[in-house]
Amino acid sequence: EISGTIPDSLFLMPLVTLELRKLQLDGTLPFAIGRARTLESLRVSGKRKGSFAPKLYGRIPTTIGLLTNLRFLEFNYMNLKLPIPRALGNCQQLNLLTLSDTFNYDNRTDFPHVLCSLANLQELKVNGNHFTSTLPTCLGNLSKLVSLDISGNLLEGVLPTEFGYLARLQRMLLSYNNLEGSIPTQWQSMTRLYELQLNANELSGDLPSEIGAIRGLQNLVLSGNFFPGTFPEEWGSLTALFRFYVSDNNL
């Protein structure tokens, strides 16, 4: 298997796509990454979580902000330090951003608000990073978002009503956090949603009847919360539903 550090020379070539995935990479992400101005897709990942293989460490270089043509960015299974540089906000062409199990668990910080400035994002996946604080309401401004995965963090507070503005959203995974309160009735506006995972949180409050308006919902996972009462009659309209988990609640 290929191993070792990432050479600076890689970023001196007129590359459009660079993939270094599932490799035993060591060292840091090079500062020279900013020289690859032609890059449109950059995907770097180590071995999956639980592997004893070496992992990249250090920080995401601020020079990442020079890659203004970047559309796809993946940094997965690393041991990086936070915070995410504000310079990432210069990458306004980004359609996909994946940071899965990217950051050192001992280096916790608030959810990075710079992600809210990436107006062209269609897919945002930042699971397994132990981000703290509340879910930022500004994520509701990412009007092109189709898929959102913030599972496996340490986020607290309530579910933002502003997520109801995400009219194009099809998948939303917020499981394995410390979120509380009820499901906002405003979420009925996410009519394209087919997957909603809210399991393993501290959610409560009556299940909103308005969710019955999301007729295309196929996967609904609410297990491991504190929802009381009964199921709303309006949920009978969820005829596309084939995966429905509600165990370990107060129903």
# chains A, B, ... in the order shown; residues from 1 in each chain; ligands from 1
$ residues_around --residues "Gln218 of chain A" --least-positions-apart "6" --cutoff "7 Å" --atoms "only C-alpha atoms" --output "list in words"
Tyr194, Glu195, Ala240, Leu241, Phe242 and Arg243 of chain A
$ residues_around --residues "segment 175-185 of chain A" --least-positions-apart "2" --cutoff "8 Å" --atoms "only C-alpha atoms" --output "ChimeraX atom specification"
/A:150-161,173,187-188,197-211
$ atom_distance --atom1 "atom CA of Glu40 of chain A" --atom2 "atom CA of Val126 of chain A"
20.0 Å
$ residues_around --residues "segment 61-64 of chain A" --least-positions-apart "3" --cutoff "8 Å" --atoms "only C-alpha atoms" --output "compact mmCIF listing (two decimals) with C-alpha atoms, in the first residue's frame"
# COMPACT_ATOMS: atom_id res chain seq x y z
CA LEU A 29 -1.48 18.64 4.70
CA PRO A 30 1.10 20.69 2.76
CA PHE A 31 0.98 24.47 2.79
CA ALA A 32 1.73 24.15 -0.93
CA ILE A 33 -1.84 22.97 -1.46
CA GLY A 34 -2.71 26.57 -2.34
CA LEU A 67 -8.46 27.07 -4.45
CA PRO A 85 -9.69 28.18 8.67
CA ARG A 86 -11.97 31.06 7.74
CA ALA A 87 -10.21 31.10 4.38
CA LEU A 88 -12.33 28.11 3.41
$ residues_around --residues "Leu70 of chain A" --least-positions-apart "3" --cutoff "12 Å" --atoms "only C-alpha atoms" --output "number ranges by chain"
A: 15-18, 33-34, 36-43, 64-67, 73-74, 88-97, 118, 120-121
$ select_by_dssp --residues "segment 143-226 of chain A" --states "strand (DSSP E)" --output "PyMOL selection string"
chain A and resi 147-149+171-173+180-181+195-197+202-203+219-221
$ closest_residue --among "A:Ser143, A:Asn219, A:Leu115, A:Phe72" --to "Arg171 of chain A" --atoms "only C-alpha atoms"
A:Asn219
$ select_by_dssp --residues "segment 176-242 of chain A" --states "helix (DSSP H, G or I)" --output "PyMOL selection string"
chain A and resi 185-189+209-213+233-237
$ write_last_selection --atoms "N, CA, C and O atoms" --output "PDB file, in the first residue's frame"
ATOM      1  N   THR A 185     -42.557  22.542  13.737  1.00  0.00           N
ATOM      2  CA  THR A 185     -43.638  22.368  12.762  1.00  0.00           C
ATOM      3  C   THR A 185     -43.245  22.950  11.403  1.00  0.00           C
ATOM      4  O   THR A 185     -43.748  22.520  10.366  1.00  0.00           O
ATOM      5  N   GLN A 186     -42.313  23.914  11.415  1.00  0.00           N
ATOM      6  CA  GLN A 186     -41.878  24.552  10.158  1.00  0.00           C
ATOM      7  C   GLN A 186     -41.175  23.569   9.218  1.00  0.00           C
ATOM      8  O   GLN A 186     -41.023  23.856   8.026  1.00  0.00           O
ATOM      9  N   TRP A 187     -40.756  22.432   9.746  1.00  0.00           N
ATOM     10  CA  TRP A 187     -40.056  21.464   8.906  1.00  0.00           C
ATOM     11  C   TRP A 187     -40.970  20.827   7.863  1.00  0.00           C
ATOM     12  O   TRP A 187     -40.495  20.128   6.968  1.00  0.00           O
ATOM     13  N   GLN A 188     -42.253  21.049   7.974  1.00  0.00           N
ATOM     14  CA  GLN A 188     -43.174  20.511   6.970  1.00  0.00           C
ATOM     15  C   GLN A 188     -42.883  21.068   5.585  1.00  0.00           C
ATOM     16  O   GLN A 188     -43.286  20.488   4.566  1.00  0.00           O
ATOM     17  N   SER A 189     -42.154  22.200   5.522  1.00  0.00           N
ATOM     18  CA  SER A 189     -41.820  22.816   4.231  1.00  0.00           C
ATOM     19  C   SER A 189     -40.748  22.036   3.474  1.00  0.00           C
ATOM     20  O   SER A 189     -40.551  22.278   2.276  1.00  0.00           O
ATOM     21  N   SER A 209     -47.994  16.972  13.973  1.00  0.00           N
ATOM     22  CA  SER A 209     -48.852  16.415  12.915  1.00  0.00           C
ATOM     23  C   SER A 209     -48.402  16.901  11.544  1.00  0.00           C
ATOM     24  O   SER A 209     -48.609  16.222  10.539  1.00  0.00           O
ATOM     25  N   GLU A 210     -47.765  18.079  11.504  1.00  0.00           N
ATOM     26  CA  GLU A 210     -47.373  18.686  10.230  1.00  0.00           C
ATOM     27  C   GLU A 210     -46.381  17.825   9.436  1.00  0.00           C
ATOM     28  O   GLU A 210     -46.284  17.968   8.206  1.00  0.00           O
ATOM     29  N   ILE A 211     -45.634  16.953  10.106  1.00  0.00           N
ATOM     30  CA  ILE A 211     -44.681  16.094   9.402  1.00  0.00           C
ATOM     31  C   ILE A 211     -45.414  15.190   8.405  1.00  0.00           C
ATOM     32  O   ILE A 211     -44.834  14.720   7.428  1.00  0.00           O
ATOM     33  N   GLY A 212     -46.696  14.975   8.626  1.00  0.00           N
ATOM     34  CA  GLY A 212     -47.487  14.183   7.697  1.00  0.00           C
ATOM     35  C   GLY A 212     -47.556  14.780   6.302  1.00  0.00           C
ATOM     36  O   GLY A 212     -47.949  14.095   5.343  1.00  0.00           O
ATOM     37  N   ALA A 213     -47.179  16.061   6.165  1.00  0.00           N
ATOM     38  CA  ALA A 213     -47.190  16.725   4.858  1.00  0.00           C
ATOM     39  C   ALA A 213     -46.000  16.333   3.994  1.00  0.00           C
ATOM     40  O   ALA A 213     -45.991  16.599   2.793  1.00  0.00           O
ATOM     41  N   GLU A 233     -52.551  11.408  13.805  1.00  0.00           N
ATOM     42  CA  GLU A 233     -53.344  10.756  12.769  1.00  0.00           C
ATOM     43  C   GLU A 233     -52.849  11.128  11.375  1.00  0.00           C
ATOM     44  O   GLU A 233     -52.887  10.317  10.441  1.00  0.00           O
ATOM     45  N   GLU A 234     -52.328  12.364  11.236  1.00  0.00           N
ATOM     46  CA  GLU A 234     -51.864  12.857   9.934  1.00  0.00           C
ATOM     47  C   GLU A 234     -50.672  12.056   9.397  1.00  0.00           C
ATOM     48  O   GLU A 234     -50.390  12.092   8.195  1.00  0.00           O
ATOM     49  N   TRP A 235     -49.981  11.349  10.284  1.00  0.00           N
ATOM     50  CA  TRP A 235     -48.848  10.553   9.823  1.00  0.00           C
ATOM     51  C   TRP A 235     -49.292   9.362   8.975  1.00  0.00           C
ATOM     52  O   TRP A 235     -48.465   8.704   8.351  1.00  0.00           O
ATOM     53  N   GLY A 236     -50.559   9.105   8.969  1.00  0.00           N
ATOM     54  CA  GLY A 236     -51.087   8.069   8.098  1.00  0.00           C
ATOM     55  C   GLY A 236     -50.914   8.388   6.621  1.00  0.00           C
ATOM     56  O   GLY A 236     -51.046   7.512   5.766  1.00  0.00           O
ATOM     57  N   SER A 237     -50.602   9.663   6.328  1.00  0.00           N
ATOM     58  CA  SER A 237     -50.367  10.081   4.939  1.00  0.00           C
ATOM     59  C   SER A 237     -48.969   9.733   4.452  1.00  0.00           C
ATOM     60  O   SER A 237     -48.666   9.917   3.263  1.00  0.00           O
TER      61      SER A 237
END
$ atom_distance --atom1 "atom CA of Val221 of chain A" --atom2 "atom CA of Phe244 of chain A"
5.7 Å
$ decode --residues "segment 154-188 of chain A" --atoms "N, CA and C atoms" --output "PDB file, in the first residue's frame"
ATOM      1  N   LEU A 154     -21.309  16.680  19.351  1.00  0.00           N
ATOM      2  CA  LEU A 154     -21.723  16.964  20.727  1.00  0.00           C
ATOM      3  C   LEU A 154     -22.608  18.206  20.764  1.00  0.00           C
ATOM      4  N   LEU A 155     -23.439  18.364  19.768  1.00  0.00           N
ATOM      5  CA  LEU A 155     -24.257  19.561  19.641  1.00  0.00           C
ATOM      6  C   LEU A 155     -25.431  19.538  20.607  1.00  0.00           C
ATOM      7  N   GLU A 156     -25.748  20.714  21.145  1.00  0.00           N
ATOM      8  CA  GLU A 156     -26.823  20.855  22.126  1.00  0.00           C
ATOM      9  C   GLU A 156     -27.862  21.841  21.608  1.00  0.00           C
ATOM     10  N   GLY A 157     -28.872  22.103  22.444  1.00  0.00           N
ATOM     11  CA  GLY A 157     -29.878  23.085  22.082  1.00  0.00           C
ATOM     12  C   GLY A 157     -30.986  22.476  21.240  1.00  0.00           C
ATOM     13  N   VAL A 158     -31.824  23.351  20.689  1.00  0.00           N
ATOM     14  CA  VAL A 158     -33.022  22.918  19.979  1.00  0.00           C
ATOM     15  C   VAL A 158     -32.767  22.780  18.482  1.00  0.00           C
ATOM     16  N   LEU A 159     -33.692  22.113  17.814  1.00  0.00           N
ATOM     17  CA  LEU A 159     -33.649  21.992  16.361  1.00  0.00           C
ATOM     18  C   LEU A 159     -34.080  23.317  15.733  1.00  0.00           C
ATOM     19  N   PRO A 160     -33.281  23.908  14.878  1.00  0.00           N
ATOM     20  CA  PRO A 160     -33.612  25.231  14.323  1.00  0.00           C
ATOM     21  C   PRO A 160     -34.855  25.206  13.433  1.00  0.00           C
ATOM     22  N   THR A 161     -35.750  26.124  13.668  1.00  0.00           N
ATOM     23  CA  THR A 161     -36.914  26.260  12.784  1.00  0.00           C
ATOM     24  C   THR A 161     -36.475  26.678  11.384  1.00  0.00           C
ATOM     25  N   GLU A 162     -35.325  27.376  11.302  1.00  0.00           N
ATOM     26  CA  GLU A 162     -34.833  27.883  10.023  1.00  0.00           C
ATOM     27  C   GLU A 162     -34.501  26.771   9.027  1.00  0.00           C
ATOM     28  N   PHE A 163     -34.329  25.547   9.497  1.00  0.00           N
ATOM     29  CA  PHE A 163     -34.075  24.450   8.564  1.00  0.00           C
ATOM     30  C   PHE A 163     -35.274  24.228   7.641  1.00  0.00           C
ATOM     31  N   GLY A 164     -36.417  24.733   8.030  1.00  0.00           N
ATOM     32  CA  GLY A 164     -37.596  24.647   7.180  1.00  0.00           C
ATOM     33  C   GLY A 164     -37.442  25.375   5.860  1.00  0.00           C
ATOM     34  N   TYR A 165     -36.439  26.280   5.765  1.00  0.00           N
ATOM     35  CA  TYR A 165     -36.184  26.997   4.521  1.00  0.00           C
ATOM     36  C   TYR A 165     -35.430  26.132   3.500  1.00  0.00           C
ATOM     37  N   LEU A 166     -34.944  24.978   3.917  1.00  0.00           N
ATOM     38  CA  LEU A 166     -34.150  24.123   3.040  1.00  0.00           C
ATOM     39  C   LEU A 166     -35.084  23.302   2.145  1.00  0.00           C
ATOM     40  N   ALA A 167     -35.667  23.973   1.175  1.00  0.00           N
ATOM     41  CA  ALA A 167     -36.726  23.378   0.356  1.00  0.00           C
ATOM     42  C   ALA A 167     -36.223  22.254  -0.543  1.00  0.00           C
ATOM     43  N   ARG A 168     -34.909  22.219  -0.835  1.00  0.00           N
ATOM     44  CA  ARG A 168     -34.366  21.182  -1.711  1.00  0.00           C
ATOM     45  C   ARG A 168     -33.832  19.980  -0.934  1.00  0.00           C
ATOM     46  N   LEU A 169     -33.820  20.057   0.376  1.00  0.00           N
ATOM     47  CA  LEU A 169     -33.191  19.026   1.194  1.00  0.00           C
ATOM     48  C   LEU A 169     -33.900  17.684   1.040  1.00  0.00           C
ATOM     49  N   GLN A 170     -33.090  16.636   0.834  1.00  0.00           N
ATOM     50  CA  GLN A 170     -33.620  15.284   0.688  1.00  0.00           C
ATOM     51  C   GLN A 170     -33.198  14.366   1.838  1.00  0.00           C
ATOM     52  N   ARG A 171     -32.034  14.606   2.395  1.00  0.00           N
ATOM     53  CA  ARG A 171     -31.524  13.778   3.499  1.00  0.00           C
ATOM     54  C   ARG A 171     -31.038  14.680   4.629  1.00  0.00           C
ATOM     55  N   MET A 172     -31.412  14.366   5.869  1.00  0.00           N
ATOM     56  CA  MET A 172     -30.905  15.107   7.026  1.00  0.00           C
ATOM     57  C   MET A 172     -30.641  14.127   8.167  1.00  0.00           C
ATOM     58  N   LEU A 173     -29.382  14.051   8.573  1.00  0.00           N
ATOM     59  CA  LEU A 173     -28.949  13.146   9.625  1.00  0.00           C
ATOM     60  C   LEU A 173     -28.369  13.974  10.774  1.00  0.00           C
ATOM     61  N   LEU A 174     -29.089  13.988  11.890  1.00  0.00           N
ATOM     62  CA  LEU A 174     -28.666  14.743  13.077  1.00  0.00           C
ATOM     63  C   LEU A 174     -28.542  13.827  14.289  1.00  0.00           C
ATOM     64  N   SER A 175     -28.436  12.544  14.072  1.00  0.00           N
ATOM     65  CA  SER A 175     -28.411  11.563  15.156  1.00  0.00           C
ATOM     66  C   SER A 175     -27.111  11.630  15.963  1.00  0.00           C
ATOM     67  N   TYR A 176     -27.174  11.042  17.167  1.00  0.00           N
ATOM     68  CA  TYR A 176     -26.018  10.947  18.069  1.00  0.00           C
ATOM     69  C   TYR A 176     -25.418  12.321  18.393  1.00  0.00           C
ATOM     70  N   ASN A 177     -26.281  13.190  18.902  1.00  0.00           N
ATOM     71  CA  ASN A 177     -25.882  14.472  19.461  1.00  0.00           C
ATOM     72  C   ASN A 177     -26.563  14.610  20.823  1.00  0.00           C
ATOM     73  N   ASN A 178     -26.660  15.819  21.324  1.00  0.00           N
ATOM     74  CA  ASN A 178     -27.353  16.076  22.588  1.00  0.00           C
ATOM     75  C   ASN A 178     -28.481  17.085  22.376  1.00  0.00           C
ATOM     76  N   LEU A 179     -29.132  17.007  21.243  1.00  0.00           N
ATOM     77  CA  LEU A 179     -30.175  17.962  20.879  1.00  0.00           C
ATOM     78  C   LEU A 179     -31.431  17.719  21.708  1.00  0.00           C
ATOM     79  N   GLU A 180     -32.157  18.800  21.992  1.00  0.00           N
ATOM     80  CA  GLU A 180     -33.330  18.701  22.855  1.00  0.00           C
ATOM     81  C   GLU A 180     -34.487  19.507  22.261  1.00  0.00           C
ATOM     82  N   GLY A 181     -35.626  19.467  22.962  1.00  0.00           N
ATOM     83  CA  GLY A 181     -36.798  20.188  22.492  1.00  0.00           C
ATOM     84  C   GLY A 181     -37.602  19.342  21.521  1.00  0.00           C
ATOM     85  N   SER A 182     -38.472  19.991  20.769  1.00  0.00           N
ATOM     86  CA  SER A 182     -39.390  19.280  19.880  1.00  0.00           C
ATOM     87  C   SER A 182     -38.990  19.452  18.419  1.00  0.00           C
ATOM     88  N   ILE A 183     -39.627  18.676  17.558  1.00  0.00           N
ATOM     89  CA  ILE A 183     -39.426  18.808  16.116  1.00  0.00           C
ATOM     90  C   ILE A 183     -40.230  20.015  15.641  1.00  0.00           C
ATOM     91  N   PRO A 184     -39.600  21.005  15.017  1.00  0.00           N
ATOM     92  CA  PRO A 184     -40.323  22.214  14.599  1.00  0.00           C
ATOM     93  C   PRO A 184     -41.414  21.921  13.564  1.00  0.00           C
ATOM     94  N   THR A 185     -42.557  22.542  13.737  1.00  0.00           N
ATOM     95  CA  THR A 185     -43.638  22.368  12.762  1.00  0.00           C
ATOM     96  C   THR A 185     -43.245  22.950  11.403  1.00  0.00           C
ATOM     97  N   GLN A 186     -42.313  23.914  11.415  1.00  0.00           N
ATOM     98  CA  GLN A 186     -41.878  24.552  10.158  1.00  0.00           C
ATOM     99  C   GLN A 186     -41.175  23.569   9.218  1.00  0.00           C
ATOM    100  N   TRP A 187     -40.756  22.432   9.746  1.00  0.00           N
ATOM    101  CA  TRP A 187     -40.056  21.464   8.906  1.00  0.00           C
ATOM    102  C   TRP A 187     -40.970  20.827   7.863  1.00  0.00           C
ATOM    103  N   GLN A 188     -42.253  21.049   7.974  1.00  0.00           N
ATOM    104  CA  GLN A 188     -43.174  20.511   6.970  1.00  0.00           C
ATOM    105  C   GLN A 188     -42.883  21.068   5.585  1.00  0.00           C
TER     106      GLN A 188
END
